[in-house]
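Novice: Quick one: this structure, given as structure tokens, is what I'll be asking you about.
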Amino acid sequence: LGSPMGAATWYAIGNVLSSVAIVLVNKRVFAAGFHFPFTLSFFHFCFTVVFYRLLLACNLFELPSSPMPEADKFKVAFAGVASIGFMNVSLSLNSVGFYQVTKLTIVPVTLLINFYMYTVSTTHKVKLSLLILLAGVGIATVSDVDLRPLGLAFGVLAVLSTAMFQIWQGTKQKEYGMSGTQLQYSVSFYQALSSCGLSLAVESFCLAPQQLDGRGECSDSTMAFLSQWRAGRVPDGIVGTILATCFLALLVNWCSFGLIGKTSPITFQVVGHAKTCLVLIGGYVFFPVAGDAQQLYNNIAGVTVAMFGVVLYGHLKHASSEGKPDCLDSCCPAPISRCLDVNKYATVSPSETEGLTRHDPDDSKRNTGPD
């Protein structure tokens, strides 16, 4: 963890491992009948609040030197909870294929928001690597795309809230000089409050006829689940499993905040898509199933293309941070290299180590030749 690159690498590894683990454990929770994502998120955020309070009481955690305004805390927290909520609603209203398309659009939307709201642009080389990555993931994961108007609306909200949440995770850490854990601590109370409100609104009571059993009683709500748990009609160990998800959620958020703080929201998305590819590869190797041969070929081809994009993105980032020529400089003709990176010989700003360069409208008027 001595260097920023080393810290980012460990955050990325931790994010992948903890994300896969929490998906598996959450499936066990949902399979036990507790399929209430907002309530589960509420437990996760409450656990985070209590965890950091205990660390603070034991002098094992330091508060940020520059306090974050309450309005900013609520803004970041609400964007995070809204991202979870809108993504879940989008998945329930649309096909899995459209849901995957929604996740893919987060990267270009993040680039657009960075450019128009924060005047931060991305080099053409990085855009090329991202295009290769997204094309590969799209080939591997998108099959059926069933679109509904209401589903489209929630998909758009999901993309916007997710992009803003991830951008703010990075900008607020830099703005207030805090670490990822300090930002996580700062927003966790408002995240718990927001998720509690959503849980009470949509999961605590029966709102649809299909939630009623044959006797007209509510059978699909957190209150009904609590009654069944008291009566001993739920699997043993469900409380311990929920507690395990709380630990894993804390680890996922810690790695996510840390990774974005050390790198950028785009790098975080690249790690997420790489994780998807690794899960697909693991499924092919350890759980082979008979199915459509064409879809299998598409999956293999898509994963191969996507992983090439991931490797290229990582190589470009590393070469940029080291100030060394990259593979595109070596294999592309000079005119193409100049088109891919018009600022190759310009003064490098700190943000360019993440593949990002400050956009200046007057750049086109200046002659940026070699020093």
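Ordering of the structure tokens sets the chain letters (A, B, ...); residue numbers start at 1 within each chain; ligands are numbered from 1 in the order shown.
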List the spatial neighbours of A:Ala12 as an mmCIF file with all heavy atoms, in the first residue's frame - criterion: any atom at most 12 Å away, only C-alpha atoms, same-chain residues fewer than 6 positions off excluded.
Specialist:
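What ended up in selection_0.cif:
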```
data_model
loop_
_atom_site.group_PDB
_atom_site.id
_atom_site.type_symbol
_atom_site.label_atom_id
_atom_site.label_comp_id
_atom_site.auth_asym_id
_atom_site.auth_seq_id
_atom_site.Cartn_x
_atom_site.Cartn_y
_atom_site.Cartn_z
ATOM 1 N N MET A 5 -0.564 3.439 -6.785
ATOM 2 C CA MET A 5 -0.870 2.328 -7.677
ATOM 3 C C MET A 5 -1.039 1.027 -6.899
ATOM 4 O O MET A 5 -1.944 0.236 -7.175
ATOM 5 C CB MET A 5 0.236 2.174 -8.719
ATOM 6 C CG MET A 5 -0.027 1.060 -9.745
ATOM 7 S SD MET A 5 -1.479 1.381 -10.762
ATOM 8 C CE MET A 5 -0.865 2.769 -11.744
ATOM 9 N N GLY A 6 -0.181 0.813 -5.900
ATOM 10 C CA GLY A 6 -0.308 -0.385 -5.083
ATOM 11 C C GLY A 6 -1.595 -0.400 -4.287
ATOM 12 O O GLY A 6 -2.270 -1.431 -4.193
ATOM 13 N N SER A 18 -14.920 -9.132 -2.589
ATOM 14 C CA SER A 18 -16.033 -8.852 -1.679
ATOM 15 C C SER A 18 -17.359 -8.748 -2.432
ATOM 16 O O SER A 18 -18.401 -9.171 -1.919
ATOM 17 C CB SER A 18 -15.768 -7.560 -0.895
ATOM 18 O OG SER A 18 -15.588 -6.458 -1.770
ATOM 19 N N SER A 19 -17.332 -8.217 -3.667
ATOM 20 C CA SER A 19 -18.564 -8.102 -4.449
ATOM 21 C C SER A 19 -19.109 -9.470 -4.822
ATOM 22 O O SER A 19 -20.319 -9.724 -4.731
ATOM 23 C CB SER A 19 -18.310 -7.273 -5.713
ATOM 24 O OG SER A 19 -17.952 -5.946 -5.396
ATOM 25 N N LEU A 251 -17.214 -4.067 3.666
ATOM 26 C CA LEU A 251 -15.977 -4.276 2.921
ATOM 27 C C LEU A 251 -16.116 -3.811 1.471
ATOM 28 O O LEU A 251 -15.208 -3.179 0.909
ATOM 29 C CB LEU A 251 -15.592 -5.758 2.967
ATOM 30 C CG LEU A 251 -14.276 -6.148 2.292
ATOM 31 C CD1 LEU A 251 -13.107 -5.381 2.899
ATOM 32 C CD2 LEU A 251 -14.051 -7.656 2.398
ATOM 33 N N VAL A 252 -17.275 -4.118 0.840
ATOM 34 C CA VAL A 252 -17.514 -3.678 -0.539
ATOM 35 C C VAL A 252 -17.447 -2.161 -0.641
ATOM 36 O O VAL A 252 -16.773 -1.600 -1.513
ATOM 37 C CB VAL A 252 -18.881 -4.185 -1.042
ATOM 38 C CG1 VAL A 252 -19.253 -3.511 -2.363
ATOM 39 C CG2 VAL A 252 -18.857 -5.695 -1.238
ATOM 40 N N ASN A 253 -18.155 -1.468 0.266
ATOM 41 C CA ASN A 253 -18.181 -0.004 0.224
ATOM 42 C C ASN A 253 -16.810 0.584 0.534
ATOM 43 O O ASN A 253 -16.403 1.583 -0.067
ATOM 44 C CB ASN A 253 -19.223 0.530 1.212
ATOM 45 C CG ASN A 253 -20.646 0.255 0.755
ATOM 46 O OD1 ASN A 253 -20.927 0.224 -0.436
ATOM 47 N ND2 ASN A 253 -21.544 0.040 1.698
ATOM 48 N N TRP A 254 -16.097 -0.022 1.466
ATOM 49 C CA TRP A 254 -14.757 0.467 1.808
ATOM 50 C C TRP A 254 -13.830 0.374 0.598
ATOM 51 O O TRP A 254 -13.104 1.322 0.288
ATOM 52 C CB TRP A 254 -14.195 -0.353 2.967
ATOM 53 C CG TRP A 254 -12.810 0.045 3.370
ATOM 54 C CD1 TRP A 254 -12.434 1.193 4.003
ATOM 55 C CD2 TRP A 254 -11.609 -0.705 3.152
ATOM 56 N NE1 TRP A 254 -11.065 1.199 4.196
ATOM 57 C CE2 TRP A 254 -10.540 0.048 3.686
ATOM 58 C CE3 TRP A 254 -11.323 -1.940 2.573
ATOM 59 C CZ2 TRP A 254 -9.219 -0.390 3.649
ATOM 60 C CZ3 TRP A 254 -10.022 -2.381 2.536
ATOM 61 C CH2 TRP A 254 -8.985 -1.601 3.074
ATOM 62 N N CYS A 255 -13.878 -0.759 -0.100
ATOM 63 C CA CYS A 255 -13.041 -0.919 -1.289
ATOM 64 C C CYS A 255 -13.494 -0.005 -2.417
ATOM 65 O O CYS A 255 -12.663 0.542 -3.159
ATOM 66 C CB CYS A 255 -13.070 -2.374 -1.754
ATOM 67 S SG CYS A 255 -12.269 -3.538 -0.622
ATOM 68 N N SER A 256 -14.801 0.187 -2.557
ATOM 69 C CA SER A 256 -15.323 1.036 -3.634
ATOM 70 C C SER A 256 -14.937 2.492 -3.416
ATOM 71 O O SER A 256 -14.439 3.156 -4.334
ATOM 72 C CB SER A 256 -16.850 0.900 -3.714
ATOM 73 O OG SER A 256 -17.236 -0.429 -3.988
ATOM 74 N N PHE A 257 -15.171 3.012 -2.210
ATOM 75 C CA PHE A 257 -14.800 4.394 -1.908
ATOM 76 C C PHE A 257 -13.296 4.585 -2.064
ATOM 77 O O PHE A 257 -12.838 5.594 -2.598
ATOM 78 C CB PHE A 257 -15.227 4.757 -0.483
ATOM 79 C CG PHE A 257 -16.677 5.125 -0.348
ATOM 80 C CD1 PHE A 257 -17.658 4.162 -0.229
ATOM 81 C CD2 PHE A 257 -17.060 6.462 -0.322
ATOM 82 C CE1 PHE A 257 -18.993 4.491 -0.094
ATOM 83 C CE2 PHE A 257 -18.402 6.816 -0.187
ATOM 84 C CZ PHE A 257 -19.368 5.827 -0.070
ATOM 85 N N GLY A 258 -12.527 3.613 -1.568
ATOM 86 C CA GLY A 258 -11.074 3.722 -1.660
ATOM 87 C C GLY A 258 -10.575 3.673 -3.088
ATOM 88 O O GLY A 258 -9.703 4.447 -3.475
ATOM 89 N N LEU A 259 -11.149 2.777 -3.907
ATOM 90 C CA LEU A 259 -10.715 2.639 -5.296
ATOM 91 C C LEU A 259 -11.017 3.899 -6.092
ATOM 92 O O LEU A 259 -10.172 4.395 -6.844
ATOM 93 C CB LEU A 259 -11.399 1.430 -5.938
ATOM 94 C CG LEU A 259 -11.077 1.164 -7.413
ATOM 95 C CD1 LEU A 259 -9.585 0.939 -7.605
ATOM 96 C CD2 LEU A 259 -11.865 -0.031 -7.926
ATOM 97 N N ILE A 260 -12.218 4.436 -5.927
ATOM 98 C CA ILE A 260 -12.578 5.650 -6.664
ATOM 99 C C ILE A 260 -11.737 6.831 -6.191
ATOM 100 O O ILE A 260 -11.309 7.673 -6.991
ATOM 101 C CB ILE A 260 -14.083 5.949 -6.504
ATOM 102 C CG1 ILE A 260 -14.905 4.885 -7.235
ATOM 103 C CG2 ILE A 260 -14.428 7.341 -7.040
ATOM 104 C CD1 ILE A 260 -16.401 5.043 -7.077
ATOM 105 N N GLY A 261 -11.468 6.893 -4.878
ATOM 106 C CA GLY A 261 -10.643 7.985 -4.365
ATOM 107 C C GLY A 261 -9.217 7.937 -4.893
ATOM 108 O O GLY A 261 -8.605 8.972 -5.160
ATOM 109 N N LYS A 262 -8.671 6.728 -5.063
ATOM 110 C CA LYS A 262 -7.298 6.577 -5.554
ATOM 111 C C LYS A 262 -7.201 6.675 -7.071
ATOM 112 O O LYS A 262 -6.132 6.977 -7.608
ATOM 113 C CB LYS A 262 -6.724 5.227 -5.099
ATOM 114 C CG LYS A 262 -6.513 5.096 -3.602
ATOM 115 C CD LYS A 262 -5.408 6.028 -3.113
ATOM 116 C CE LYS A 262 -5.150 5.823 -1.621
ATOM 117 N NZ LYS A 262 -4.117 6.757 -1.116
ATOM 118 N N THR A 263 -8.306 6.368 -7.770
ATOM 119 C CA THR A 263 -8.260 6.372 -9.230
ATOM 120 C C THR A 263 -9.325 7.311 -9.780
ATOM 121 O O THR A 263 -9.169 8.516 -9.740
ATOM 122 C CB THR A 263 -8.454 4.943 -9.768
ATOM 123 O OG1 THR A 263 -9.703 4.410 -9.296
ATOM 124 C CG2 THR A 263 -7.328 4.040 -9.309
ATOM 125 N N SER A 264 -10.416 6.741 -10.298
ATOM 126 C CA SER A 264 -11.486 7.545 -10.889
ATOM 127 C C SER A 264 -12.727 6.678 -11.024
ATOM 128 O O SER A 264 -12.658 5.444 -10.951
ATOM 129 C CB SER A 264 -11.062 8.065 -12.267
ATOM 130 O OG SER A 264 -10.984 6.982 -13.187
ATOM 131 N N THR A 267 -12.275 4.077 -13.818
ATOM 132 C CA THR A 267 -11.514 2.893 -13.414
ATOM 133 C C THR A 267 -12.383 1.943 -12.606
ATOM 134 O O THR A 267 -12.310 0.717 -12.761
ATOM 135 C CB THR A 267 -10.284 3.310 -12.589
ATOM 136 O OG1 THR A 267 -9.442 4.130 -13.393
ATOM 137 C CG2 THR A 267 -9.496 2.100 -12.123
ATOM 138 N N PHE A 268 -13.224 2.494 -11.740
ATOM 139 C CA PHE A 268 -14.130 1.666 -10.948
ATOM 140 C C PHE A 268 -15.073 0.877 -11.855
ATOM 141 O O PHE A 268 -15.343 -0.311 -11.621
ATOM 142 C CB PHE A 268 -14.933 2.543 -9.988
ATOM 143 C CG PHE A 268 -15.916 1.800 -9.142
ATOM 144 C CD1 PHE A 268 -15.495 1.048 -8.068
ATOM 145 C CD2 PHE A 268 -17.272 1.850 -9.430
ATOM 146 C CE1 PHE A 268 -16.403 0.353 -7.273
ATOM 147 C CE2 PHE A 268 -18.189 1.166 -8.654
ATOM 148 C CZ PHE A 268 -17.752 0.421 -7.572
ATOM 149 N N GLN A 269 -15.592 1.516 -12.907
ATOM 150 C CA GLN A 269 -16.465 0.827 -13.843
ATOM 151 C C GLN A 269 -15.713 -0.264 -14.606
ATOM 152 O O GLN A 269 -16.254 -1.345 -14.867
ATOM 153 C CB GLN A 269 -17.073 1.829 -14.827
ATOM 154 C CG GLN A 269 -18.201 2.657 -14.245
ATOM 155 C CD GLN A 269 -19.410 1.817 -13.892
ATOM 156 O OE1 GLN A 269 -19.789 0.906 -14.622
ATOM 157 N NE2 GLN A 269 -20.010 2.101 -12.754
ATOM 158 N N VAL A 270 -14.465 0.019 -14.982
ATOM 159 C CA VAL A 270 -13.657 -0.978 -15.686
ATOM 160 C C VAL A 270 -13.452 -2.202 -14.801
ATOM 161 O O VAL A 270 -13.566 -3.352 -15.258
ATOM 162 C CB VAL A 270 -12.297 -0.378 -16.111
ATOM 163 C CG1 VAL A 270 -11.356 -1.472 -16.620
ATOM 164 C CG2 VAL A 270 -12.500 0.673 -17.200
ATOM 165 N N VAL A 271 -13.154 -1.979 -13.527
ATOM 166 C CA VAL A 271 -12.996 -3.095 -12.590
ATOM 167 C C VAL A 271 -14.295 -3.888 -12.489
ATOM 168 O O VAL A 271 -14.292 -5.130 -12.459
ATOM 169 C CB VAL A 271 -12.566 -2.576 -11.203
ATOM 170 C CG1 VAL A 271 -12.622 -3.695 -10.161
ATOM 171 C CG2 VAL A 271 -11.158 -2.006 -11.264
ATOM 172 N N GLY A 272 -15.439 -3.174 -12.472
ATOM 173 C CA GLY A 272 -16.725 -3.852 -12.397
ATOM 174 C C GLY A 272 -16.995 -4.730 -13.605
ATOM 175 O O GLY A 272 -17.464 -5.871 -13.477
ATOM 176 N N HIS A 273 -16.693 -4.230 -14.794
ATOM 177 C CA HIS A 273 -16.902 -5.036 -16.008
ATOM 178 C C HIS A 273 -15.906 -6.197 -16.076
ATOM 179 O O HIS A 273 -16.247 -7.281 -16.563
ATOM 180 C CB HIS A 273 -16.782 -4.156 -17.241
ATOM 181 C CG HIS A 273 -17.926 -3.196 -17.400
ATOM 182 N ND1 HIS A 273 -19.241 -3.599 -17.400
ATOM 183 C CD2 HIS A 273 -17.956 -1.846 -17.554
ATOM 184 C CE1 HIS A 273 -20.030 -2.552 -17.561
ATOM 185 N NE2 HIS A 273 -19.271 -1.470 -17.649
ATOM 186 N N ALA A 274 -14.690 -5.966 -15.604
ATOM 187 C CA ALA A 274 -13.730 -7.069 -15.542
ATOM 188 C C ALA A 274 -14.234 -8.163 -14.604
ATOM 189 O O ALA A 274 -14.080 -9.362 -14.878
ATOM 190 C CB ALA A 274 -12.365 -6.553 -15.081
ATOM 191 N N LYS A 275 -14.858 -7.733 -13.525
ATOM 192 C CA LYS A 275 -15.434 -8.692 -12.578
ATOM 193 C C LYS A 275 -16.526 -9.517 -13.254
ATOM 194 O O LYS A 275 -16.615 -10.739 -13.046
ATOM 195 C CB LYS A 275 -15.989 -7.929 -11.377
ATOM 196 C CG LYS A 275 -16.711 -8.756 -10.349
ATOM 197 C CD LYS A 275 -17.112 -7.856 -9.179
ATOM 198 C CE LYS A 275 -17.971 -6.713 -9.636
ATOM 199 N NZ LYS A 275 -18.280 -5.754 -8.575
ATOM 200 N N GLY A 314 -5.622 -0.755 -18.553
ATOM 201 C CA GLY A 314 -4.631 -0.779 -17.484
ATOM 202 C C GLY A 314 -3.247 -0.405 -17.973
ATOM 203 O O GLY A 314 -2.511 0.324 -17.300
#
```
Novice: List every residue of stretch 103-160 of chain A that DSSP, applied to the backbone of this structure, places in alpha helix (DSSP H), and write the result as an NGL selection string.
Specialist: :A and (103-104 or 106-118 or 124-141 or 149-160)
Novice: Could you check the closest approach to A:Ala301 for each of A:Asn114, A:Thr9, A:Thr141, A:Ser221 and tell me which residue wins, using only C-alpha atoms?
Specialist: A:Thr141
Novice: Of the candidates A:Ala77, A:Val109, A:Ile22, A:Leu278, which one gets nearest to A:Ala192 if we count only C-alpha atoms?
Specialist: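 Nearest to A:Ala192: A:Ala77.
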Novice: My list of candidates is A:Ala334, A:Leu248, A:Leu111, A:Leu280. Which is closest to A:Leu24 when distances are computed with only C-alpha atoms?
Specialist: A:Leu248
Novice: Write out as a list in words each polymer residue whose atoms come within 8 Å of stretch 162-179 of chain A, counting only C-alpha atoms; drop sequence neighbours fewer than 2 positions from it.
Specialist: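 Final neighbour list, sorted by chain and number: Pro64, Ser65, Ser66, Pro67, Met68, Val76, Ala79, Gly80, Ala82, Ser83, Ile106, Val107, Val109, Thr110, Asn114, Ala158, Val159, Leu160, Thr181, Gln182, Leu183, Phe257, Gly258, Ile260, Gly261, Ser264 and Pro265 of chain A.
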Novice: Just write the chosen residues, N, CA and C atoms, as a compact mmCIF listing (two decimals), in the first residue's frame.
Specialist:
```txt
# COMPACT_ATOMS: atom_id res chain seq x y z
N PRO A 64 -12.43 13.36 9.61
CA PRO A 64 -11.77 14.24 8.64
C PRO A 64 -11.50 15.61 9.23
N SER A 65 -10.35 16.18 8.86
CA SER A 65 -9.97 17.49 9.40
C SER A 65 -10.87 18.60 8.89
N SER A 66 -11.40 18.43 7.67
CA SER A 66 -12.31 19.41 7.09
C SER A 66 -13.70 18.79 7.02
N PRO A 67 -14.60 19.16 7.94
CA PRO A 67 -15.92 18.53 7.98
C PRO A 67 -16.70 18.74 6.68
N MET A 68 -17.41 17.74 6.29
CA MET A 68 -18.23 17.79 5.09
C MET A 68 -19.60 18.38 5.43
N VAL A 76 -24.78 13.04 -1.47
CA VAL A 76 -24.03 11.84 -1.86
C VAL A 76 -24.76 10.58 -1.40
N ALA A 79 -27.91 9.89 -3.50
CA ALA A 79 -27.55 9.40 -4.84
C ALA A 79 -27.19 7.91 -4.78
N GLY A 80 -26.48 7.51 -3.72
CA GLY A 80 -26.11 6.10 -3.57
C GLY A 80 -27.32 5.20 -3.38
N ALA A 82 -30.45 5.97 -4.16
CA ALA A 82 -31.26 6.05 -5.38
C ALA A 82 -30.70 5.14 -6.46
N SER A 83 -29.38 5.05 -6.54
CA SER A 83 -28.76 4.15 -7.52
C SER A 83 -29.20 2.71 -7.30
N ILE A 106 -23.36 3.45 -18.26
CA ILE A 106 -22.86 4.27 -17.15
C ILE A 106 -21.51 4.90 -17.51
N VAL A 107 -20.67 4.14 -18.23
CA VAL A 107 -19.35 4.67 -18.59
C VAL A 107 -19.45 5.90 -19.49
N VAL A 109 -21.96 7.90 -19.99
CA VAL A 109 -22.66 8.97 -19.27
C VAL A 109 -21.72 9.63 -18.26
N THR A 110 -20.90 8.85 -17.58
CA THR A 110 -19.92 9.41 -16.65
C THR A 110 -18.93 10.31 -17.39
N ASN A 114 -18.56 14.29 -16.64
CA ASN A 114 -17.24 14.82 -16.30
C ASN A 114 -16.86 15.97 -17.24
N ALA A 158 -31.60 5.38 -13.17
CA ALA A 158 -30.58 4.52 -12.56
C ALA A 158 -29.19 4.89 -13.05
N VAL A 159 -29.06 5.14 -14.34
CA VAL A 159 -27.76 5.49 -14.91
C VAL A 159 -27.28 6.83 -14.36
N LEU A 160 -28.16 7.83 -14.35
CA LEU A 160 -27.77 9.17 -13.88
C LEU A 160 -27.39 9.16 -12.40
N THR A 181 -12.61 5.83 3.71
CA THR A 181 -13.31 5.43 4.93
C THR A 181 -13.97 6.61 5.61
N GLN A 182 -13.32 7.78 5.58
CA GLN A 182 -13.91 8.97 6.19
C GLN A 182 -15.16 9.42 5.44
N LEU A 183 -15.13 9.31 4.11
CA LEU A 183 -16.32 9.65 3.34
C LEU A 183 -17.43 8.63 3.59
N PHE A 257 -15.17 3.01 -2.21
CA PHE A 257 -14.80 4.39 -1.91
C PHE A 257 -13.30 4.58 -2.06
N GLY A 258 -12.53 3.61 -1.57
CA GLY A 258 -11.07 3.72 -1.66
C GLY A 258 -10.58 3.67 -3.09
N ILE A 260 -12.22 4.44 -5.93
CA ILE A 260 -12.58 5.65 -6.66
C ILE A 260 -11.74 6.83 -6.19
N GLY A 261 -11.47 6.89 -4.88
CA GLY A 261 -10.64 7.98 -4.37
C GLY A 261 -9.22 7.94 -4.89
N SER A 264 -10.42 6.74 -10.30
CA SER A 264 -11.49 7.55 -10.89
C SER A 264 -12.73 6.68 -11.02
N PRO A 265 -13.92 7.30 -11.24
CA PRO A 265 -15.13 6.51 -11.46
C PRO A 265 -15.02 5.60 -12.68
```
Novice: When you count only C-alpha atoms, which of these residues is closest to A:Ser320: A:Thr48, A:Ser90, A:Thr123, A:Gln100?
Specialist: A:Thr123
Novice: Choose the residue, out of A:Val101, A:Ala31, A:Cys332, A:Ala319, that has the smallest atom-to-atom separation from A:Gly138; count only C-alpha atoms.
Specialist: A:Val101
